[in-house]
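Below is the file run34.txt, which contains compact mmCIF, C-alpha atoms.
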# COMPACT_ATOMS: atom_id res chain seq x y z
CA MET A 6 0.00 0.00 0.00
CA SER A 7 1.25 3.47 -0.82
CA ARG A 8 2.11 5.63 2.19
CA SER A 9 1.89 8.73 0.04
CA ARG A 10 -0.19 11.49 1.64
CA PRO A 11 0.19 14.52 -0.65
CA TYR A 12 -0.54 17.95 0.81
CA ILE A 13 -2.63 20.22 -1.39
CA ARG A 14 -2.01 23.89 -0.70
CA PRO A 15 -5.10 26.15 -0.69
CA VAL A 16 -5.61 28.32 -3.77
CA GLU A 17 -4.65 31.91 -3.16
CA THR A 18 -7.85 33.89 -3.78
CA LEU A 19 -6.20 37.29 -4.37
CA TRP A 20 -3.48 36.05 -6.75
CA TRP A 21 -4.58 38.61 -9.37
CA ALA A 22 -3.81 41.50 -6.99
CA ARG A 23 -0.12 40.76 -6.50
CA SER A 24 3.03 40.69 -8.61
CA PRO A 25 3.60 39.29 -11.21
CA TYR A 26 -0.12 38.99 -12.01
CA LEU A 27 -1.03 42.60 -11.22
CA ALA A 28 0.24 43.71 -14.66
CA TYR A 29 -2.15 41.19 -16.24
CA THR A 30 -5.04 42.39 -14.07
CA LEU A 31 -4.39 46.02 -15.01
CA ARG A 32 -4.12 45.03 -18.70
CA GLU A 33 -7.53 43.37 -18.54
CA ALA A 34 -8.94 46.35 -16.61
CA THR A 35 -8.03 48.73 -19.46
CA GLY A 36 -10.86 47.02 -21.36
CA VAL A 37 -13.23 48.91 -19.04
CA ALA A 38 -11.91 52.20 -20.46
CA VAL A 39 -12.70 50.97 -23.99
CA LEU A 40 -16.21 49.98 -22.87
CA GLY A 41 -16.68 53.32 -21.08
CA TYR A 42 -15.76 55.35 -24.12
CA ALA A 43 -17.99 53.18 -26.34
CA LEU A 44 -20.92 53.85 -23.97
CA VAL A 45 -20.31 57.63 -24.13
CA LEU A 46 -20.35 57.47 -27.94
CA LEU A 47 -23.46 55.26 -27.89
CA ALA A 48 -25.21 57.76 -25.63
CA GLY A 49 -24.33 60.45 -28.19
CA VAL A 50 -25.91 58.44 -31.02
CA VAL A 51 -29.07 57.81 -28.96
CA CYS A 52 -29.29 61.54 -28.10
CA LEU A 53 -28.83 62.41 -31.78
CA ALA A 54 -31.70 60.10 -32.73
CA THR A 55 -33.91 61.54 -29.96
CA GLY A 56 -33.71 65.13 -31.14
CA GLU A 57 -31.79 68.40 -31.17
CA ARG A 58 -32.38 69.23 -27.48
CA ALA A 59 -31.14 65.86 -26.29
CA TYR A 60 -28.09 66.16 -28.54
CA ASP A 61 -27.29 69.62 -27.10
CA VAL A 62 -27.55 68.20 -23.57
CA TRP A 63 -25.02 65.49 -24.57
CA LEU A 64 -22.70 68.15 -26.09
CA ASP A 65 -22.94 70.22 -22.87
CA PHE A 66 -22.12 67.11 -20.85
CA LEU A 67 -18.98 66.57 -22.97
CA LYS A 68 -17.80 70.12 -22.11
CA SER A 69 -18.20 69.64 -18.37
CA PRO A 70 -14.98 69.28 -16.30
CA TRP A 71 -16.31 65.96 -14.99
CA SER A 72 -16.53 64.62 -18.55
CA LEU A 73 -13.12 66.03 -19.50
CA SER A 74 -11.38 64.27 -16.60
CA LEU A 75 -13.27 61.08 -17.46
CA HIS A 76 -12.00 61.35 -21.04
CA VAL A 77 -8.41 61.82 -19.84
CA LEU A 78 -8.83 58.57 -17.88
CA PHE A 79 -10.32 56.87 -20.95
CA LEU A 80 -7.40 58.08 -23.09
CA ILE A 81 -4.80 56.72 -20.66
CA GLY A 82 -6.74 53.44 -20.53
CA MET A 83 -7.00 53.26 -24.33
CA ILE A 84 -3.26 53.90 -24.84
CA ALA A 85 -2.39 51.21 -22.28
CA HIS A 86 -4.93 48.90 -23.91
CA THR A 87 -3.46 49.46 -27.38
CA TRP A 88 0.09 48.82 -26.18
CA THR A 89 -0.72 45.67 -24.20
CA TRP A 90 -3.05 44.39 -26.95
CA PHE A 91 -0.31 44.52 -29.56
CA ARG A 92 2.14 43.01 -27.09
CA ILE A 93 -0.04 39.92 -26.63
CA LEU A 94 -0.99 39.76 -30.35
CA PRO A 95 2.06 37.71 -31.51
CA LYS A 96 1.24 35.09 -28.86
CA THR A 97 -2.13 34.46 -30.49
CA MET A 98 -0.76 33.84 -33.99
CA PRO A 99 0.99 30.94 -35.68
CA ARG A 100 4.66 31.67 -36.41
CA LEU A 101 4.70 34.23 -39.21
CA VAL A 102 7.10 33.50 -42.07
CA ILE A 103 8.37 36.38 -44.22
CA GLY A 104 11.05 35.82 -46.82
CA GLY A 105 11.74 32.30 -45.58
CA ARG A 106 12.33 33.39 -41.96
CA ILE A 107 10.25 33.38 -38.79
CA LEU A 108 9.29 36.98 -37.99
CA PRO A 109 10.40 37.91 -34.42
CA GLN A 110 7.43 38.65 -32.12
CA ILE A 111 8.74 42.10 -31.21
CA ARG A 112 8.51 43.10 -34.92
CA ILE A 113 4.82 42.12 -34.99
CA THR A 114 4.18 44.22 -31.87
CA ALA A 115 6.16 47.15 -33.31
CA GLY A 116 4.20 46.93 -36.57
CA GLY A 117 0.87 46.97 -34.75
CA VAL A 118 1.84 49.92 -32.55
CA ALA A 119 3.15 51.81 -35.62
CA VAL A 120 -0.17 51.32 -37.46
CA ALA A 121 -2.11 52.44 -34.35
CA ALA A 122 0.09 55.54 -33.94
CA ALA A 123 -0.13 56.43 -37.66
CA SER A 124 -3.93 56.12 -37.69
CA PHE A 125 -4.18 58.24 -34.52
CA ILE A 126 -2.07 61.01 -36.09
CA LEU A 127 -4.14 60.80 -39.31
CA ILE A 128 -7.42 61.11 -37.37
CA VAL A 129 -6.15 64.12 -35.39
CA PHE A 130 -4.90 65.71 -38.64
CA VAL A 131 -8.23 65.20 -40.42
CA ALA A 132 -10.15 66.42 -37.37
CA VAL A 133 -8.13 69.65 -37.20
CA TRP A 134 -8.22 70.10 -41.02
CA THR A 135 -11.99 69.74 -41.31
CA GLN A 136 -12.82 72.02 -38.36
CA PRO A 137 -15.24 74.77 -39.38
CA MET B 10 41.63 47.74 -11.80
CA PRO B 11 43.28 44.34 -11.32
CA PRO B 12 40.83 41.54 -10.51
CA ASP B 13 40.72 40.52 -6.88
CA PRO B 14 41.85 36.88 -6.79
CA ALA B 15 40.00 36.23 -3.55
CA ALA B 16 36.65 37.72 -4.62
CA GLY B 17 35.23 34.56 -6.21
CA ALA B 18 36.25 32.32 -3.33
CA ALA B 19 35.07 34.54 -0.49
CA THR B 20 32.63 32.56 1.61
CA ARG B 21 29.52 34.33 2.78
CA GLU B 22 26.54 32.98 4.65
CA ILE B 23 22.88 33.07 3.71
CA VAL B 24 19.78 31.85 5.50
CA ILE B 25 17.70 29.51 3.35
CA GLU B 26 14.15 28.91 4.56
CA VAL B 27 12.89 25.64 3.13
CA LEU B 28 9.25 24.59 3.20
CA ARG B 29 9.32 21.16 4.84
CA TYR B 30 6.56 18.57 4.68
CA ARG B 31 7.13 15.06 6.01
CA SER B 32 3.87 13.32 5.23
CA GLU B 33 4.32 10.66 7.92
CA THR B 34 4.57 13.21 10.78
CA ASP B 35 3.60 16.73 9.60
CA LEU B 36 -0.03 17.82 9.36
CA LYS B 37 0.93 20.74 7.14
CA PRO B 38 4.10 22.22 5.61
CA LEU B 39 6.29 24.48 7.75
CA LEU B 40 9.31 26.67 6.95
CA GLN B 41 12.66 25.53 8.38
CA ALA B 42 15.67 27.85 8.33
CA PHE B 43 19.24 26.75 7.56
CA ARG B 44 22.44 28.82 7.62
CA VAL B 45 24.35 27.96 4.47
CA PRO B 46 27.89 29.16 3.66
CA PHE B 47 28.24 29.83 -0.06
CA THR B 48 30.66 31.01 -2.70
CA ASP B 49 29.76 33.20 -5.67
CA ASP B 50 29.57 30.24 -8.05
CA MET B 51 27.09 28.25 -5.95
CA SER B 52 23.58 27.59 -7.23
CA VAL B 53 20.51 27.24 -5.03
CA LEU B 54 20.66 23.51 -5.83
CA GLN B 55 24.17 23.37 -4.38
CA GLY B 56 22.85 25.21 -1.32
CA LEU B 57 20.22 22.49 -0.86
CA GLN B 58 22.87 19.82 -1.36
CA TYR B 59 24.94 21.48 1.36
CA ILE B 60 21.93 21.28 3.71
CA LYS B 61 21.39 17.61 2.89
CA ASP B 62 25.07 16.70 3.26
CA HIS B 63 25.92 18.75 6.38
CA LEU B 64 22.81 19.98 8.20
CA ASP B 65 19.79 17.70 7.69
CA GLY B 66 20.02 14.50 5.65
CA SER B 67 16.25 14.07 5.63
CA LEU B 68 15.65 17.02 3.25
CA SER B 69 14.10 15.75 0.00
CA PHE B 70 14.35 17.40 -3.40
CA ARG B 71 14.64 16.25 -7.00
CA TRP B 72 17.70 16.95 -9.11
CA SER B 73 19.82 15.25 -11.70
CA CYS B 74 21.81 17.05 -14.39
CA ARG B 75 22.59 20.37 -12.56
CA MET B 76 22.81 22.08 -15.97
CA ALA B 77 19.24 23.04 -16.88
CA ILE B 78 18.43 20.19 -19.23
CA CYS B 79 16.79 17.45 -17.11
CA GLY B 80 13.99 19.65 -15.75
CA SER B 81 14.00 17.98 -12.30
CA CYS B 82 14.87 20.81 -9.91
CA GLY B 83 12.00 23.24 -10.56
CA MET B 84 10.89 24.95 -7.32
CA MET B 85 9.63 28.27 -5.99
CA ILE B 86 12.74 30.34 -5.24
CA GLY B 87 11.87 33.68 -3.68
CA ALA B 88 8.23 32.97 -4.67
CA GLN B 89 9.19 32.65 -8.36
CA PRO B 90 9.23 29.35 -10.26
CA LYS B 91 12.85 28.68 -11.17
CA LEU B 92 15.29 25.85 -11.81
CA ALA B 93 17.44 25.57 -8.66
CA CYS B 94 20.49 24.67 -10.77
CA MET B 95 20.41 27.88 -12.82
CA THR B 96 19.59 30.24 -9.95
CA PHE B 97 22.47 31.56 -7.85
CA LEU B 98 22.62 32.16 -4.10
CA ARG B 99 24.65 35.34 -4.62
CA ASP B 100 21.60 37.01 -6.21
CA TYR B 101 19.62 36.57 -2.97
CA TYR B 102 22.31 37.71 -0.54
CA PRO B 103 21.89 38.72 2.30
CA GLY B 104 18.64 36.75 2.31
CA PRO B 105 16.78 35.13 3.86
CA LEU B 106 15.86 33.14 0.78
CA THR B 107 12.63 31.17 0.75
CA VAL B 108 12.58 27.88 -1.17
CA GLU B 109 9.24 26.10 -1.61
CA PRO B 110 7.94 23.27 -3.78
CA LEU B 111 6.45 24.25 -7.16
CA ALA B 112 3.18 26.13 -6.68
CA HIS B 113 -0.16 24.58 -7.69
CA PHE B 114 1.07 20.99 -7.33
CA PRO B 115 0.35 18.66 -4.39
CA ILE B 116 3.41 18.28 -2.14
CA GLU B 117 4.62 14.70 -1.90
CA ARG B 118 7.45 15.45 0.54
CA ASP B 119 9.50 18.60 1.22
CA LEU B 120 10.36 20.06 -2.20
CA VAL B 121 9.09 17.04 -4.12
CA VAL B 122 5.71 17.54 -5.82
CA THR B 123 3.27 15.04 -7.32
CA VAL B 124 3.80 14.92 -11.08
CA GLY B 125 1.30 12.19 -12.01
CA GLY B 126 -1.32 14.63 -13.30
CA PHE B 127 1.19 16.34 -15.55
CA VAL B 128 2.47 13.04 -16.95
CA LYS B 129 -1.13 11.98 -17.73
CA LYS B 130 -1.67 15.25 -19.64
CA ILE B 131 1.52 14.71 -21.63
CA GLU B 132 0.32 11.20 -22.48
CA SER B 133 -3.13 12.43 -23.51
CA ILE B 134 -1.96 14.62 -26.41
CA TYR B 135 -0.63 11.76 -28.58
CA PRO B 136 3.00 12.82 -27.98
CA TYR B 137 4.47 11.17 -31.05
CA LEU B 138 4.41 11.63 -34.82
CA ILE B 139 1.44 10.07 -36.56
CA PRO B 140 2.43 10.31 -40.22
CA LYS B 141 -0.05 11.61 -42.79
CA THR B 142 0.77 8.73 -45.09
CA GLN B 143 2.49 5.55 -43.98
CA ARG B 144 5.74 4.85 -45.84
CA SER B 145 7.61 1.59 -46.01
CA LEU B 146 11.30 1.54 -45.06
CA ASP B 147 12.49 1.34 -48.67
CA GLU B 148 10.53 4.52 -49.49
CA GLY B 149 13.01 6.41 -47.30
CA GLU B 150 12.63 8.94 -44.50
CA TYR B 151 10.02 11.65 -44.05
CA LEU B 152 11.68 14.83 -45.31
CA GLN B 153 11.36 18.31 -43.85
CA THR B 154 12.81 21.69 -44.83
CA PRO B 155 14.57 23.94 -42.28
CA LEU B 156 11.62 26.35 -42.50
CA GLN B 157 9.10 23.60 -41.74
CA LEU B 158 11.28 22.70 -38.75
CA ALA B 159 11.43 26.32 -37.58
CA ARG B 160 7.61 26.46 -37.40
CA TYR B 161 7.54 24.16 -34.37
CA GLU B 162 11.16 23.86 -33.24
CA THR B 163 11.05 25.91 -30.02
CA PHE B 164 8.04 23.87 -28.85
CA SER B 165 10.23 20.76 -29.00
CA ASP B 166 12.74 22.35 -26.59
CA CYS B 167 10.50 21.72 -23.55
CA ILE B 168 12.26 19.86 -20.69
CA ASN B 169 9.05 19.13 -18.71
CA CYS B 170 10.23 21.15 -15.70
CA MET B 171 6.65 22.35 -15.00
CA LEU B 172 7.73 25.90 -14.10
CA CYS B 173 5.02 27.13 -16.50
CA TYR B 174 2.35 25.29 -14.50
CA ALA B 175 3.58 26.90 -11.28
CA ALA B 176 3.41 30.28 -13.06
CA CYS B 177 -0.12 29.76 -14.40
CA PRO B 178 -2.89 31.06 -12.12
CA GLN B 179 -5.54 29.35 -14.25
CA PHE B 180 -3.91 25.97 -13.60
CA GLY B 181 -3.95 26.91 -9.91
CA GLU B 182 -7.71 27.51 -10.14
CA ASN B 183 -8.40 24.45 -12.31
CA PRO B 184 -5.95 21.53 -11.97
CA ASP B 185 -7.70 19.80 -14.91
CA PHE B 186 -6.54 22.54 -17.32
CA ILE B 187 -4.23 20.79 -19.78
CA GLY B 188 -1.81 23.65 -19.19
CA PRO B 189 1.04 25.41 -21.00
CA GLY B 190 3.63 22.59 -21.05
CA ALA B 191 1.37 19.88 -22.49
CA MET B 192 -0.10 22.39 -24.96
CA ALA B 193 3.41 23.33 -26.15
CA LEU B 194 4.11 19.65 -26.77
CA LEU B 195 0.75 19.34 -28.55
CA GLN B 196 1.72 22.22 -30.83
CA ARG B 197 5.15 20.65 -31.37
CA TYR B 198 3.38 17.75 -33.11
CA ASN B 199 0.44 19.67 -34.62
CA GLY B 200 2.89 22.14 -36.14
CA ASP B 201 5.04 19.40 -37.66
CA SER B 202 4.63 19.12 -41.44
CA ARG B 203 5.08 15.32 -41.27
CA ASP B 204 2.24 14.81 -38.81
CA GLY B 205 -1.33 13.97 -39.77
CA ALA B 206 -3.14 13.69 -36.43
CA GLN B 207 -4.05 17.36 -35.98
CA ALA B 208 -7.79 16.66 -35.87
CA MET B 209 -7.34 14.16 -33.02
CA ARG B 210 -5.35 16.63 -30.94
CA MET B 211 -7.74 19.49 -31.74
CA ASP B 212 -10.47 17.50 -29.95
CA LEU B 213 -8.47 18.14 -26.75
CA VAL B 214 -7.86 21.82 -27.61
CA HIS B 215 -11.61 22.52 -28.11
CA THR B 216 -12.64 21.53 -24.57
CA ASP B 217 -13.04 23.75 -21.48
CA ASN B 218 -9.91 22.18 -20.05
CA GLY B 219 -8.07 22.74 -23.35
CA ALA B 220 -6.97 26.08 -24.78
CA TRP B 221 -10.08 27.87 -23.47
CA SER B 222 -9.03 27.64 -19.82
CA CYS B 223 -6.21 30.06 -20.66
CA THR B 224 -6.79 33.80 -20.19
CA ALA B 225 -3.49 34.85 -21.80
CA VAL B 226 -1.77 35.89 -18.56
CA GLY B 227 1.47 35.08 -20.40
CA ASN B 228 3.51 34.36 -17.27
CA CYS B 229 4.24 30.80 -18.45
CA SER B 230 6.43 32.12 -21.26
CA GLU B 231 8.17 34.56 -18.90
CA VAL B 232 9.38 31.84 -16.51
CA CYS B 233 10.26 29.22 -19.17
CA PRO B 234 13.99 28.43 -18.83
CA LYS B 235 14.14 27.19 -22.43
CA GLN B 236 12.25 29.98 -24.26
CA VAL B 237 9.66 27.46 -25.44
CA ASP B 238 6.97 30.17 -25.40
CA PRO B 239 4.08 27.95 -24.27
CA ALA B 240 1.75 31.00 -24.19
CA ASN B 241 2.13 31.14 -27.97
CA ALA B 242 1.29 27.43 -28.26
CA VAL B 243 -1.89 27.79 -26.17
CA ASN B 244 -3.12 31.03 -27.68
CA GLN B 245 -2.57 30.21 -31.34
CA ASN B 246 -4.66 27.11 -30.65
CA LYS B 247 -7.51 29.33 -29.44
CA THR B 248 -7.50 30.99 -32.85
CA LYS B 249 -7.45 27.57 -34.53
CA SER B 250 -10.18 26.25 -32.26
CA ALA B 251 -12.40 29.25 -33.07
CA LEU B 252 -11.72 28.88 -36.80
CA ASP B 253 -12.53 25.18 -36.63
CA PHE B 254 -15.82 26.03 -34.93
CA PHE B 255 -16.91 28.41 -37.68
CA LEU B 256 -15.44 26.50 -40.62
CA ARG B 257 -17.45 23.39 -39.77
CA PHE B 258 -20.62 25.28 -40.75
CA LEU B 259 -19.09 25.88 -44.18
CA GLY B 260 -18.31 22.20 -44.68
CA ARG B 261 -14.58 22.89 -44.75
CA PRO B 262 -12.08 20.36 -43.41
CA LEU B 263 -11.97 20.54 -39.61
CA TYR B 264 -8.28 21.15 -39.48
CA TRP B 265 -6.94 23.56 -42.00
CA GLU B 266 -3.32 24.48 -41.30
CA HIS B 267 -1.61 21.80 -43.35
CA THR B 268 -4.17 21.81 -46.12
CA ALA B 269 -2.81 25.25 -47.05
CA SER B 270 0.26 25.24 -49.24
CA ASP B 271 3.44 25.68 -47.27
CA GLY B 272 5.21 26.67 -50.46
CA ASP B 273 8.30 24.87 -49.28
CA LYS B 274 7.52 21.18 -49.57
CA PRO B 275 10.64 19.03 -49.69

Final structure tokens representation of the file:
Amino acid sequence: MSRSRPYIRPVETLWWARSPYLAYTLREATGVAVLGYALVLLAGVVCLATGERAYDVWLDFLKSPWSLSLHVLFLIGMIAHTWTWFRILPKTMPRLVIGGRILPQIRITAGGVAVAAASFILIVFVAVWTQP
Amino acid sequence: MPPDPAAGAATREIVIEVLRYRSETDLKPLLQAFRVPFTDDMSVLQGLQYIKDHLDGSLSFRWSCRMAICGSCGMMIGAQPKLACMTFLRDYYPGPLTVEPLAHFPIERDLVVTVGGFVKKIESIYPYLIPKTQRSLDEGEYLQTPLQLARYETFSDCINCMLCYAACPQFGENPDFIGPGAMALLQRYNGDSRDGAQAMRMDLVHTDNGAWSCTAVGNCSEVCPKQVDPANAVNQNKTKSALDFFLRFLGRPLYWEHTASDGDKP
């Protein structure tokens, strides 16, 4: 008969709140910023469909200091989300072969971040250009 | 500045706190402290060997090659999963340094964990080549280009040290999760151009205990001493699993990777 009596350690319930998992938890939390900004935009579309008065109320809300600080938080969250998203992207793909060689993961991340940065600059440029 | 000839040989002392569990007498594991003299070239494994040889012969731990290829001496060193043979005492001076058995595994005795579950997972993924077409000996070997090799090569570097399991919080929550190591081995065969059993292995990937238990924490790849990148193996299989799910409605073959032209067939 086996005299083995293995000891099973209890699962740590707050593992996500300590290093090295905290970075992962924060990365996942940046998704809330994306959701938050999407909800603000959605509210704008609903107000637009409701009528001019509702739309003006939404525009006034955007100008409030409360909304501005919220948007700064959203922006920080979105930038962190973009960076961490492209960092994890190469892990979710089969090995990419270009010119007979495996493409290093850091190049895939760099490419993604470059596209995100370029599109951001383009959007800001167009927004400034088309301002009445 | 001329090198100090005595610097490498200078003996210092560090306190190593080892989590002890003697199943025949202990109800639960307890830390025991040992004062260990060490030189700059001494690994944590050598520190444990010093304890066993000079301080307490009853201390149990696994080791074999002492050069990071056998995968036996994985343990929690300063709360991080590491190979004791490639971790140095000098980096933890003045200590105290805590050494515990690999996290998330049942403790058999002292630093020895139960590996049966992991071995069963390794066995479950058909860990051998199942050729697409059987060839007789006189037809010669199955050929492969260097590029076809590169597609799965790092996944074949795994030494089964289980550090990735100790680093994976999802395995901690769900011991039935097939886990990073076994999934890396699965991808080592599924990514091999000579293999034809992808559909069989994908049946394991599709389940709740397959790729979908992973939440892409990514810590498994961070702690891997062989740069196997198991997080890549698990997460690319999520993409494949999702594609399989949708492609079956279009009547496409269930497994698609090797039906595409590699463009570099030998």

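For chain A, the residues close to chain B, meaning within 7 Å and counting only C-alpha atoms, are A:Ser9, A:Arg10, A:Pro11, A:Tyr12, A:Ile13, A:Arg14, A:Val16, A:Tyr29, A:Lys96, A:Thr97, A:Met98, A:Pro99, A:Arg100, A:Gly105.
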
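Near stretch 122-129 of chain A, within 10 Å and counting all atoms listed in the file, sit Ile84, Thr87, Gly116, Gly117 and Trp134 of chain A; same-chain residues fewer than 5 positions away were not included.
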
Original post:
Which value, in Å to one decimal, gives the distance between atom CA of B:Thr48 and atom CA of B:Cys173?
Top reply: 29.4 Å

Subject >> Shell of 9 Å around B:Arg21, only C-alpha atoms, local chain residues under 4 positions omitted, as a VMD selection string >> reply: chain B and resid 45 to 49 99 102 to 103

Stretch 26-41 of chain A: axis-aligned bounding box, 4 Å on each side, centre and edge lengths in Å, one decimal, as AutoDock Vina command-line options:
--center_x -8.2 --center_y 46.2 --center_z -17.6 --size_x 24.9 --size_y 22.3 --size_z 20.8

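Picture a line from atom CA of B:Asp253 to atom CA of B:Gln196; it runs 15.7 Å.
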
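One distance worth recording is that between atom CA of B:Arg29 and atom CA of B:Ala88, which is 15.2 Å.
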
Is there a way to complete stretch 40-48 of chain A with all heavy atoms and then write that out as a PDB file, in the frame of the given file?
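Everything below was put into out32.pdb:
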ATOM      1  N   LEU A  40     -14.754  50.107 -23.025  1.00  0.00           N
ATOM      2  CA  LEU A  40     -16.210  49.980 -22.870  1.00  0.00           C
ATOM      3  C   LEU A  40     -16.820  51.326 -22.492  1.00  0.00           C
ATOM      4  O   LEU A  40     -17.836  51.743 -23.072  1.00  0.00           O
ATOM      5  CB  LEU A  40     -16.531  48.936 -21.795  1.00  0.00           C
ATOM      6  CG  LEU A  40     -18.008  48.826 -21.408  1.00  0.00           C
ATOM      7  CD1 LEU A  40     -18.807  48.169 -22.526  1.00  0.00           C
ATOM      8  CD2 LEU A  40     -18.196  48.049 -20.109  1.00  0.00           C
ATOM      9  N   GLY A  41     -16.176  52.026 -21.540  1.00  0.00           N
ATOM     10  CA  GLY A  41     -16.680  53.320 -21.080  1.00  0.00           C
ATOM     11  C   GLY A  41     -16.792  54.317 -22.208  1.00  0.00           C
ATOM     12  O   GLY A  41     -17.828  54.976 -22.383  1.00  0.00           O
ATOM     13  N   TYR A  42     -15.747  54.394 -23.017  1.00  0.00           N
ATOM     14  CA  TYR A  42     -15.760  55.350 -24.120  1.00  0.00           C
ATOM     15  C   TYR A  42     -16.819  54.959 -25.164  1.00  0.00           C
ATOM     16  O   TYR A  42     -17.525  55.825 -25.709  1.00  0.00           O
ATOM     17  CB  TYR A  42     -14.377  55.425 -24.770  1.00  0.00           C
ATOM     18  CG  TYR A  42     -14.290  56.528 -25.795  1.00  0.00           C
ATOM     19  CD1 TYR A  42     -14.510  57.851 -25.414  1.00  0.00           C
ATOM     20  CD2 TYR A  42     -14.026  56.257 -27.135  1.00  0.00           C
ATOM     21  CE1 TYR A  42     -14.458  58.876 -26.337  1.00  0.00           C
ATOM     22  CE2 TYR A  42     -13.967  57.277 -28.059  1.00  0.00           C
ATOM     23  CZ  TYR A  42     -14.182  58.584 -27.663  1.00  0.00           C
ATOM     24  OH  TYR A  42     -14.148  59.587 -28.576  1.00  0.00           O
ATOM     25  N   ALA A  43     -16.970  53.647 -25.400  1.00  0.00           N
ATOM     26  CA  ALA A  43     -17.990  53.180 -26.340  1.00  0.00           C
ATOM     27  C   ALA A  43     -19.384  53.578 -25.852  1.00  0.00           C
ATOM     28  O   ALA A  43     -20.243  53.988 -26.647  1.00  0.00           O
ATOM     29  CB  ALA A  43     -17.887  51.664 -26.508  1.00  0.00           C
ATOM     30  N   LEU A  44     -19.605  53.489 -24.527  1.00  0.00           N
ATOM     31  CA  LEU A  44     -20.920  53.850 -23.970  1.00  0.00           C
ATOM     32  C   LEU A  44     -21.187  55.343 -24.136  1.00  0.00           C
ATOM     33  O   LEU A  44     -22.321  55.745 -24.449  1.00  0.00           O
ATOM     34  CB  LEU A  44     -20.991  53.447 -22.489  1.00  0.00           C
ATOM     35  CG  LEU A  44     -21.110  51.941 -22.229  1.00  0.00           C
ATOM     36  CD1 LEU A  44     -21.110  51.649 -20.726  1.00  0.00           C
ATOM     37  CD2 LEU A  44     -22.356  51.356 -22.892  1.00  0.00           C
ATOM     38  N   VAL A  45     -20.141  56.189 -23.938  1.00  0.00           N
ATOM     39  CA  VAL A  45     -20.310  57.630 -24.130  1.00  0.00           C
ATOM     40  C   VAL A  45     -20.710  57.923 -25.575  1.00  0.00           C
ATOM     41  O   VAL A  45     -21.642  58.691 -25.846  1.00  0.00           O
ATOM     42  CB  VAL A  45     -19.007  58.384 -23.757  1.00  0.00           C
ATOM     43  CG1 VAL A  45     -19.083  59.841 -24.186  1.00  0.00           C
ATOM     44  CG2 VAL A  45     -18.743  58.290 -22.258  1.00  0.00           C
ATOM     45  N   LEU A  46     -20.030  57.274 -26.528  1.00  0.00           N
ATOM     46  CA  LEU A  46     -20.350  57.470 -27.940  1.00  0.00           C
ATOM     47  C   LEU A  46     -21.765  56.982 -28.252  1.00  0.00           C
ATOM     48  O   LEU A  46     -22.526  57.641 -28.985  1.00  0.00           O
ATOM     49  CB  LEU A  46     -19.342  56.736 -28.829  1.00  0.00           C
ATOM     50  CG  LEU A  46     -17.945  57.340 -28.950  1.00  0.00           C
ATOM     51  CD1 LEU A  46     -17.139  56.579 -29.995  1.00  0.00           C
ATOM     52  CD2 LEU A  46     -17.994  58.820 -29.311  1.00  0.00           C
ATOM     53  N   LEU A  47     -22.129  55.826 -27.666  1.00  0.00           N
ATOM     54  CA  LEU A  47     -23.460  55.260 -27.890  1.00  0.00           C
ATOM     55  C   LEU A  47     -24.530  56.212 -27.379  1.00  0.00           C
ATOM     56  O   LEU A  47     -25.552  56.451 -28.049  1.00  0.00           O
ATOM     57  CB  LEU A  47     -23.567  53.894 -27.202  1.00  0.00           C
ATOM     58  CG  LEU A  47     -24.866  53.127 -27.450  1.00  0.00           C
ATOM     59  CD1 LEU A  47     -24.953  52.691 -28.900  1.00  0.00           C
ATOM     60  CD2 LEU A  47     -24.942  51.901 -26.532  1.00  0.00           C
ATOM     61  N   ALA A  48     -24.266  56.790 -26.185  1.00  0.00           N
ATOM     62  CA  ALA A  48     -25.210  57.760 -25.630  1.00  0.00           C
ATOM     63  C   ALA A  48     -25.384  58.937 -26.589  1.00  0.00           C
ATOM     64  O   ALA A  48     -26.506  59.429 -26.789  1.00  0.00           O
ATOM     65  CB  ALA A  48     -24.707  58.245 -24.269  1.00  0.00           C
TER      66      ALA A  48
END
